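Enquirer: Structure below; questions to follow.
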Amino acid sequence: MTKKKPLLLLGALCTMTLSLGACSGEDTKGGNRAPQVGYVVVKIEAVPLTTSLGGRTVAFETSEVRPQINGIVQRRLFAEGGLVRAGQPLFQIDSSIYRAAVDQASANLASARASAQAAEEKAKRFEPLAKIQAVAQQDYTDALAQARIARAAVTQNAAALETARINLRFTTLSAPITGRIGRALVTPGGLVSASQATPLAVIQQTDPIYVDMQQSSADLTRLRQALATGGVTQGSTSVRLKLEDGSDYAVPGTVQFSEVTVNEATGTVTLRARFPNPQGLLLPGMFVTALFEQAVNPTAILVPQAAVQRDFDGSAFVYLVGKDDKAARRKVVAERTVGANWVITDGLKPGEKVITQGVGNLKQGAPIKPVPANSPQRLGAPAGAAAGKGAEKGK
């Protein structure tokens, strides 16, 4: 019995100091082992500079149906909200007064032609008589003048007849373009006039359709300067759309042009893109977001977003694999994201190793064990297994 007491006392001491490894017989240096971190090697890539701009859809063509004469609307000849073709009759205005005007102008023209014929015959009869001085020369001159006046009257009345016919034609209002027509803004029985401010209906062509985008003049100036200096190259004119519900519009469009003036109230420049709209999904006035590659940076450096951290002042920094496998803190300029990466414009050079995994507890100058990113890590034995082995040793 006296021999077992020293053994029990030794076991208790070992249990109390197990966390320090004093009695385990294991190497305690494992707790100070350098942490394993994953890194990527910095390289130069050509990165498109994607621009996101808000915009509004605008009809490709818009036509307001307006009367060119005064009168009472008799009939509406179209279905509201439907598709109308150019030249299709839309409204019928009472034509009785204009038909009477055509008849009157036609009669005036016939009278003028008869008068002109009589004046010309008289001038012809006076011509030989004037040569033999059977009539006064002045009478012949007056006869010629009357014949010319009569011919001018014929031309004048012919023009009046054509005007009357045009006004009669205006009693039927036709569609000037092909497109979707909205609701009728006047009903049968309503009085319309050529000087009224309200149109009778509005037609809009929506296939194709425009999208007008607003870009800051400062951003556009920076882009043009970068293109001029060769910092970036011209991007694609293809445009993608996101709709109001966040979904993507299936058909891409094309940038057509940008305005040559800046809106003084907003400081923006309007860019216009054209999109096919065969299904009529895009309606004029919708708010959309346009995404397009306005330029390409041929010397960009991409770094995974997990590697970039922010300081208290908002500046960005990363950790590099430094000399002697120690962490080196470096400030960088991260202007924008592309997918899952930050575009770094200053602070990194090709060939440097940026730590992307295990950056949570890193400090400047801390020893590290760098491995390529996403390399498999060596895991220690499970705690249960270690406890089992200790129990077996106790036995």
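Labels for the structure tokens follow display order: chains A, B, ..., residues from 1 in each chain, ligands from 1.
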Please provide as a short mmCIF file (atom, residue, chain, number, x, y, z; two decimals) with all heavy atoms, in the first residue's frame all residues within 12 Å of A:Gln36, with the sequence filter that same-chain residues fewer than 6 positions apart are discarded (counting only C-alpha atoms).

Expert:
```cif
data_model
loop_
_atom_site.label_atom_id
_atom_site.label_comp_id
_atom_site.auth_asym_id
_atom_site.auth_seq_id
_atom_site.Cartn_x
_atom_site.Cartn_y
_atom_site.Cartn_z
N VAL A 321 3.24 37.44 -49.12
CA VAL A 321 4.25 36.52 -48.62
C VAL A 321 5.59 37.24 -48.75
O VAL A 321 6.12 37.44 -49.84
CB VAL A 321 4.25 35.21 -49.41
CG1 VAL A 321 5.38 34.30 -48.93
CG2 VAL A 321 2.90 34.52 -49.29
N ASP A 325 9.43 33.93 -45.41
CA ASP A 325 8.07 33.44 -45.14
C ASP A 325 7.43 34.18 -43.98
O ASP A 325 6.93 33.58 -43.01
CB ASP A 325 8.09 31.93 -44.87
CG ASP A 325 8.35 31.14 -46.13
OD1 ASP A 325 8.22 31.72 -47.23
OD2 ASP A 325 8.70 29.96 -46.04
N LYS A 326 7.43 35.49 -44.07
CA LYS A 326 6.76 36.32 -43.07
C LYS A 326 5.71 37.20 -43.77
O LYS A 326 5.89 37.60 -44.92
CB LYS A 326 7.77 37.19 -42.33
CG LYS A 326 8.71 36.39 -41.44
CD LYS A 326 9.62 37.31 -40.63
CE LYS A 326 10.52 36.49 -39.70
NZ LYS A 326 11.41 37.36 -38.88
N ALA A 327 4.63 37.48 -43.05
CA ALA A 327 3.54 38.27 -43.61
C ALA A 327 3.98 39.73 -43.77
O ALA A 327 4.56 40.31 -42.86
CB ALA A 327 2.30 38.18 -42.74
N ILE A 355 -1.73 36.87 -50.11
CA ILE A 355 -2.37 35.87 -49.26
C ILE A 355 -3.88 36.04 -49.35
O ILE A 355 -4.41 37.12 -49.12
CB ILE A 355 -1.89 36.01 -47.80
CG1 ILE A 355 -0.38 35.81 -47.72
CG2 ILE A 355 -2.61 35.02 -46.90
CD1 ILE A 355 0.20 36.07 -46.36
N THR A 356 -4.56 34.96 -49.70
CA THR A 356 -6.02 34.99 -49.85
C THR A 356 -6.74 34.13 -48.85
O THR A 356 -7.94 34.30 -48.63
CB THR A 356 -6.41 34.54 -51.27
OG1 THR A 356 -5.97 33.18 -51.46
CG2 THR A 356 -5.78 35.42 -52.33
N GLN A 357 -6.03 33.18 -48.22
CA GLN A 357 -6.64 32.27 -47.26
C GLN A 357 -5.86 32.33 -45.94
O GLN A 357 -4.63 32.34 -45.94
CB GLN A 357 -6.67 30.84 -47.80
CG GLN A 357 -7.52 30.69 -49.05
CD GLN A 357 -7.39 29.32 -49.68
OE1 GLN A 357 -6.34 28.69 -49.60
NE2 GLN A 357 -8.45 28.87 -50.33
N GLY A 358 -6.61 32.39 -44.85
CA GLY A 358 -5.98 32.48 -43.54
C GLY A 358 -5.51 33.86 -43.17
O GLY A 358 -4.52 34.01 -42.43
N VAL A 359 -6.19 34.89 -43.66
CA VAL A 359 -5.75 36.27 -43.42
C VAL A 359 -6.36 36.85 -42.14
O VAL A 359 -6.02 37.96 -41.74
CB VAL A 359 -6.11 37.17 -44.61
CG1 VAL A 359 -5.41 36.71 -45.87
CG2 VAL A 359 -7.63 37.20 -44.83
N GLY A 360 -7.24 36.10 -41.49
CA GLY A 360 -7.98 36.66 -40.37
C GLY A 360 -7.13 37.16 -39.22
O GLY A 360 -7.37 38.23 -38.68
N ASN A 361 -6.08 36.40 -38.84
CA ASN A 361 -5.29 36.74 -37.66
C ASN A 361 -3.85 37.12 -38.02
O ASN A 361 -2.97 37.06 -37.16
CB ASN A 361 -5.29 35.58 -36.67
CG ASN A 361 -6.69 35.27 -36.15
OD1 ASN A 361 -7.45 36.19 -35.86
ND2 ASN A 361 -7.02 33.99 -36.03
N LEU A 362 -3.61 37.49 -39.24
CA LEU A 362 -2.24 37.82 -39.64
C LEU A 362 -1.82 39.18 -39.10
O LEU A 362 -2.64 40.08 -38.94
CB LEU A 362 -2.12 37.81 -41.16
CG LEU A 362 -2.15 36.45 -41.86
CD1 LEU A 362 -1.97 36.63 -43.36
CD2 LEU A 362 -1.08 35.52 -41.30
N ALA A 366 4.61 38.47 -39.03
CA ALA A 366 4.33 37.18 -38.41
C ALA A 366 4.81 36.05 -39.31
O ALA A 366 4.65 36.11 -40.53
CB ALA A 366 2.84 37.05 -38.14
N PRO A 367 5.41 35.00 -38.73
CA PRO A 367 5.86 33.86 -39.54
C PRO A 367 4.65 33.10 -40.10
O PRO A 367 3.63 32.95 -39.43
CB PRO A 367 6.65 33.00 -38.56
CG PRO A 367 6.13 33.38 -37.22
CD PRO A 367 5.75 34.82 -37.29
N ILE A 368 4.75 32.66 -41.34
CA ILE A 368 3.66 31.95 -42.00
C ILE A 368 4.22 30.76 -42.77
O ILE A 368 5.44 30.68 -43.02
CB ILE A 368 2.90 32.87 -42.97
CG1 ILE A 368 3.88 33.52 -43.96
CG2 ILE A 368 2.10 33.92 -42.23
CD1 ILE A 368 3.21 34.38 -45.01
N LYS A 369 3.33 29.87 -43.12
CA LYS A 369 3.68 28.75 -43.98
C LYS A 369 2.86 28.88 -45.26
O LYS A 369 1.71 28.46 -45.33
CB LYS A 369 3.37 27.43 -43.28
CG LYS A 369 3.76 26.21 -44.12
CD LYS A 369 3.40 24.93 -43.40
CE LYS A 369 3.76 23.72 -44.27
NZ LYS A 369 3.37 22.44 -43.63
N PRO A 370 3.41 29.51 -46.29
CA PRO A 370 2.63 29.76 -47.51
C PRO A 370 2.52 28.54 -48.40
O PRO A 370 3.50 27.80 -48.60
CB PRO A 370 3.42 30.88 -48.20
CG PRO A 370 4.82 30.67 -47.74
CD PRO A 370 4.77 30.10 -46.35
N VAL A 371 1.32 28.32 -48.91
CA VAL A 371 1.05 27.28 -49.90
C VAL A 371 0.14 27.87 -50.96
O VAL A 371 -0.57 28.85 -50.69
CB VAL A 371 0.40 26.04 -49.27
CG1 VAL A 371 1.32 25.37 -48.25
CG2 VAL A 371 -0.93 26.40 -48.63
N PRO A 372 0.13 27.36 -52.17
CA PRO A 372 -0.80 27.87 -53.17
C PRO A 372 -2.24 27.79 -52.67
O PRO A 372 -2.61 26.88 -51.92
CB PRO A 372 -0.56 26.96 -54.38
CG PRO A 372 0.84 26.47 -54.20
CD PRO A 372 1.04 26.32 -52.73
N ALA A 373 -3.05 28.75 -53.04
CA ALA A 373 -4.43 28.81 -52.58
C ALA A 373 -5.18 27.55 -52.94
O ALA A 373 -4.94 26.92 -53.99
CB ALA A 373 -5.14 30.02 -53.18
N ASN A 374 -6.06 27.13 -52.02
CA ASN A 374 -6.91 25.95 -52.17
C ASN A 374 -6.13 24.65 -52.11
O ASN A 374 -6.62 23.60 -52.53
CB ASN A 374 -7.72 25.99 -53.48
CG ASN A 374 -8.65 27.18 -53.52
OD1 ASN A 374 -9.26 27.54 -52.53
ND2 ASN A 374 -8.74 27.82 -54.69
N SER A 375 -4.89 24.68 -51.58
CA SER A 375 -4.13 23.45 -51.36
C SER A 375 -4.73 22.70 -50.18
O SER A 375 -5.18 23.32 -49.20
CB SER A 375 -2.66 23.75 -51.08
OG SER A 375 -2.05 24.35 -52.20
N PRO A 376 -4.75 21.37 -50.18
CA PRO A 376 -5.28 20.62 -49.03
C PRO A 376 -4.42 20.83 -47.81
O PRO A 376 -3.19 20.85 -47.89
CB PRO A 376 -5.26 19.17 -49.52
CG PRO A 376 -4.24 19.14 -50.62
CD PRO A 376 -4.30 20.48 -51.27
N GLN A 377 -5.06 20.98 -46.64
CA GLN A 377 -4.34 21.20 -45.40
C GLN A 377 -4.26 19.90 -44.61
O GLN A 377 -5.16 19.08 -44.64
CB GLN A 377 -5.04 22.26 -44.56
CG GLN A 377 -5.10 23.63 -45.23
CD GLN A 377 -5.72 24.66 -44.32
OE1 GLN A 377 -6.06 24.37 -43.19
NE2 GLN A 377 -5.86 25.87 -44.82
N ARG A 378 -3.13 19.72 -43.86
CA ARG A 378 -2.95 18.55 -43.02
C ARG A 378 -3.68 18.76 -41.71
O ARG A 378 -3.50 19.76 -41.03
CB ARG A 378 -1.46 18.33 -42.75
CG ARG A 378 -0.65 18.04 -44.01
CD ARG A 378 0.80 17.83 -43.69
NE ARG A 378 0.98 16.71 -42.76
CZ ARG A 378 2.16 16.35 -42.24
NH1 ARG A 378 3.24 17.05 -42.54
NH2 ARG A 378 2.24 15.32 -41.41
N LEU A 379 -4.51 17.82 -41.38
CA LEU A 379 -5.32 17.92 -40.17
C LEU A 379 -4.76 17.01 -39.10
O LEU A 379 -4.29 15.90 -39.39
CB LEU A 379 -6.78 17.55 -40.45
CG LEU A 379 -7.48 18.39 -41.52
CD1 LEU A 379 -8.88 17.84 -41.77
CD2 LEU A 379 -7.54 19.84 -41.08
#
```

Enquirer: Excluding same-chain residues fewer than 6 positions from A:Ile97, what lies within 10 Å of it counting only C-alpha atoms, as an NGL selection string?

Expert: :A and (71 or 167-168)

Enquirer: How about saving the chosen residues, N, CA and C atoms kept, as a PDB file, in the first residue's frame?

Expert:
```pdb
ATOM      1  N   GLY A  71     -64.005  70.165 -87.149  1.00  0.00           N
ATOM      2  CA  GLY A  71     -65.206  69.390 -87.422  1.00  0.00           C
ATOM      3  C   GLY A  71     -65.600  68.510 -86.253  1.00  0.00           C
ATOM      4  N   ASN A 167     -58.576  69.125 -97.976  1.00  0.00           N
ATOM      5  CA  ASN A 167     -59.354  69.253 -96.731  1.00  0.00           C
ATOM      6  C   ASN A 167     -60.380  68.135 -96.605  1.00  0.00           C
ATOM      7  N   LEU A 168     -60.967  67.731 -97.733  1.00  0.00           N
ATOM      8  CA  LEU A 168     -61.908  66.618 -97.709  1.00  0.00           C
ATOM      9  C   LEU A 168     -61.191  65.323 -97.320  1.00  0.00           C
TER      10      LEU A 168
END
```

Enquirer: Can you tell me which residues surround stretch 240-257 of chain A at a distance of at most 10 Å, considering only C-alpha atoms, apart from same-chain residues fewer than 4 positions away, and format the answer as a ChimeraX atom specification?

Expert: /A:52-55,208-212,236,270-278,281-282,286-294

Enquirer: Write out as a count of residues only the set of residues from stretch 19-242 of chain A that DSSP, computed on the backbone, places in helix (DSSP H, G or I).

Expert: 89

Enquirer: My list of candidates is A:Ala112, A:Ala101, A:Ala307, A:Val84. Which is closest to A:Ile177 when distances are computed with only C-alpha atoms?

Expert: A:Val84
